[in-house]
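Asker: Below: one structure in structure tokens.
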Amino acid sequence: TMMAAYIATISILTPYTKVNTLLYVISCLPLISAYFVPGMMVIGQATTIQIIISLIILVVSIPLTFNFCSTKFKNGILDYTKVKKEKKKDINKDEERKNFLMKRSIKNIGFVTGISILLYIGLQTVLSLIGNFVLPTLLGNIFSETDITLILQMVLQITSLGIASAFMLAYCNKNNNVITDSSRKLTVFSKFKLILITLLIIFGLQILLSAVLYPKLGLDYNVTDMFVVNSESSIITKIILILAIAVTPAIFEELFFRKALIDFTLPYGKNFALLFSSLLFGIIHMNLSQGLFAFIIGLVFGIIYLYTKDIKISMLIHFINNGFAAIAMILPEFALILVTLLLIAFLIAGFVFLIITLVKKDSREKLMRLFKTKVS
């Protein structure tokens, strides 16, 4: 649905240099505004009043939508409320109480997730409007325009994802559904092998998508194209770029989409927690090319977190993946070649470790048991 809506939006808006009244009205509709307003901003046709109206409607609609979807999920997929009338008399009080608690907890999926996403979107929007006005005035004499854009991006990520994570983790702690099992003790070498195998998978997916799938879909999007940074930029700009593209997302995106979301949804099954967190990770990127890749690597990062019970490992892998994109922009050609060769060596080692892991029966069984064991 997200992909269809995004493609439809681009198809509708691309021919326009001046948007008509009908498109302004459509752009204020719940959920649809999330696709139309960014597109209209790109072509310079978004008005302030339109953004405010669409934001208000979106804020109101998100909790309602999640609540509605959680009800359908509860009555349809989980199917725990459909008890045949003739069997109701046989249900004892303990079972009735269990069903009641399950109903309430499932309803909380929509409420807690909706509030968290609402906090994320609301803070992103409000702080973006404030930051675009305040930061150039305060920092214009010290930093370049690119520096200020990157600093604002860091502030938005830290604040919005940090507060959303804090809210959801507080709920998890209150209800004691946090991953605390420390029985899986991985050696340093085991973690190293796991990191190399994961990097091999991630970079392989990037090559496959960018070289095969995206050209066929007519997609060509790279977040680094938004910033005018190269090897000639100042050292301050380079540091800020790495912080904004590699460090901040690695910490706060993993904190929310893996740690908070998976801990929160884990009581409903590992597969559901993995799929739900990955879908939201893809949707929140708000564009098809990034969203598709984010969904896939969200699955990879989620498996790593569930397997290791250590969010720091997925943070490190996330940092390496984003960090390579950042340093590719700022290193001179000779240094970039050396770094690329080093990365290729690591990926070859990851391929060897992957083959060894797949050959070993006990390693395959450990991976299969990951989604069969009960939640700790």
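How things are named: the first chain in the structure tokens is A, the next is B, and so on; residues count from 1 in each chain; ligands count from 1 in the order shown.
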Skipping near chain neighbours, those fewer than 6 positions away, what residues fall within 12 Å of A:Ser160 using only C-alpha atoms, listed as a ChimeraX atom specification?
Answerer: /A:116-128,152-154,166-167,248-249,252-253,255-256
Asker: Find the residues around A:Lys193 up to 7 Å (only C-alpha atoms counted), leave out those fewer than 3 positions away in its own chain, and share them as JSON, numbers by chain.
Answerer: {"A": [189, 190, 196, 197, 350, 353]}
Asker: Would you output that residue set with N, CA, C and O atoms, as an mmCIF file, in the first residue's frame?
Answerer:
data_model
loop_
_atom_site.group_PDB
_atom_site.id
_atom_site.type_symbol
_atom_site.label_atom_id
_atom_site.label_comp_id
_atom_site.auth_asym_id
_atom_site.auth_seq_id
_atom_site.Cartn_x
_atom_site.Cartn_y
_atom_site.Cartn_z
ATOM 1 N N PHE A 189 35.137 -13.374 19.066
ATOM 2 C CA PHE A 189 35.300 -13.886 17.715
ATOM 3 C C PHE A 189 33.952 -14.208 17.080
ATOM 4 O O PHE A 189 33.736 -13.969 15.877
ATOM 5 N N SER A 190 33.012 -14.736 17.868
ATOM 6 C CA SER A 190 31.672 -15.040 17.356
ATOM 7 C C SER A 190 30.960 -13.764 16.928
ATOM 8 O O SER A 190 30.277 -13.728 15.891
ATOM 9 N N LEU A 196 30.630 -9.564 10.277
ATOM 10 C CA LEU A 196 31.091 -9.692 8.888
ATOM 11 C C LEU A 196 30.031 -10.345 8.005
ATOM 12 O O LEU A 196 29.819 -9.918 6.860
ATOM 13 N N ILE A 197 29.363 -11.372 8.506
ATOM 14 C CA ILE A 197 28.311 -12.030 7.726
ATOM 15 C C ILE A 197 27.160 -11.060 7.465
ATOM 16 O O ILE A 197 26.619 -10.996 6.351
ATOM 17 N N GLY A 350 33.537 -12.444 5.422
ATOM 18 C CA GLY A 350 32.157 -12.703 5.803
ATOM 19 C C GLY A 350 31.537 -13.813 4.979
ATOM 20 O O GLY A 350 30.775 -14.643 5.494
ATOM 21 N N PHE A 353 32.878 -17.136 6.288
ATOM 22 C CA PHE A 353 32.223 -17.473 7.556
ATOM 23 C C PHE A 353 30.778 -17.920 7.321
ATOM 24 O O PHE A 353 30.269 -18.817 8.006
#
Asker: With distances taken over only C-alpha atoms, which of A:Leu194, A:Leu150, A:Ile32, A:Met329 is nearest to A:Ser314?
Answerer: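 When distances to A:Ser314 are compared using only C-alpha atoms, the smallest one comes from A:Leu194.
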Asker: Pick out the closest residue to A:Val229 from this set: A:Ile330, A:Ile242, A:Ile195, A:Ile297. Count only C-alpha atoms.
Answerer: A:Ile330
Asker: For each of A:Leu22, A:Leu200, A:Ile317, A:Ile163, take the minimum atom-to-atom distance to A:Ile115, counting only C-alpha atoms, then give the residue where this is smallest.
Answerer: A:Ile163
Asker: State, in Å with one decimal place, the distance from atom CA of A:Asp263 to atom CA of A:Asn173.
Answerer: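 We find that atom CA of A:Asp263 and atom CA of A:Asn173 lie 9.4 Å from each other.
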Asker: Quick one: of A:Leu354, A:Asn230, A:Leu306, A:Ala294, who's nearest to A:Leu331, counting only C-alpha atoms?
Answerer: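 Of A:Leu354, A:Asn230, A:Leu306, A:Ala294, the one nearest A:Leu331 is A:Asn230, counting only C-alpha atoms.
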Asker: Closest to A:Gln290 among A:Leu129, A:Tyr214, A:Ser165, A:Thr137, using only C-alpha atoms?
Answerer: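 Closest to A:Gln290, using only C-alpha atoms: A:Tyr214.
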Asker: Can you tell me which residues surround A:Lys185 at a distance of at most 12 Å, considering only C-alpha atoms, apart from same-chain residues fewer than 5 positions away, and format the answer as a PDB file with C-alpha atoms, in the first residue's frame?
Answerer:
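Printed below is around_17.pdb as written:
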ATOM      1  CA  SER A 190      31.672 -15.040  17.356  1.00  0.00           C
ATOM      2  CA  LYS A 191      30.508 -11.427  17.372  1.00  0.00           C
ATOM      3  CA  TYR A 307      19.736 -13.651  18.382  1.00  0.00           C
ATOM      4  CA  THR A 308      22.320 -11.740  20.403  1.00  0.00           C
ATOM      5  CA  LYS A 309      20.032  -9.909  22.890  1.00  0.00           C
ATOM      6  CA  ASP A 310      22.560  -7.069  22.484  1.00  0.00           C
TER       7      ASP A 310
END
Asker: Identify, on the basis of only C-alpha atoms, every residue whose closest approach to stretch 269-277 of chain A does not exceed 6 Å; exclude the query and any residue fewer than 4 positions from it along the same chain; express the result as number ranges by chain.
Answerer: A: 257, 261-262, 265, 302
Asker: Just the residues within 12 Å of A:Ile53, please, counting only C-alpha atoms, with nothing from its chain fewer than 5 positions along; format it as a count of residues only.
Answerer: 15
Asker: Work out how far atom CA of A:Arg258 is from atom CA of A:Leu169, in Å to one decimal.
Answerer: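 Computed distance, atom CA of A:Leu169 to atom CA of A:Arg258, equals 11.1 Å.
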Asker: Please indicate the distance in Å from atom CA of A:Ile283 to atom CA of A:Phe133, rounded to one decimal place.
Answerer: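 Atom CA of A:Phe133 lies 27.7 Å from atom CA of A:Ile283.
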Asker: From the set A:Ile62, A:Leu316, A:Ile207, A:Ile236, which residue has the shortest atom-to-atom contact distance to A:Gly110, counting only C-alpha atoms?
Answerer: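 The shortest atom-to-atom distance to A:Gly110 comes from A:Ile62.
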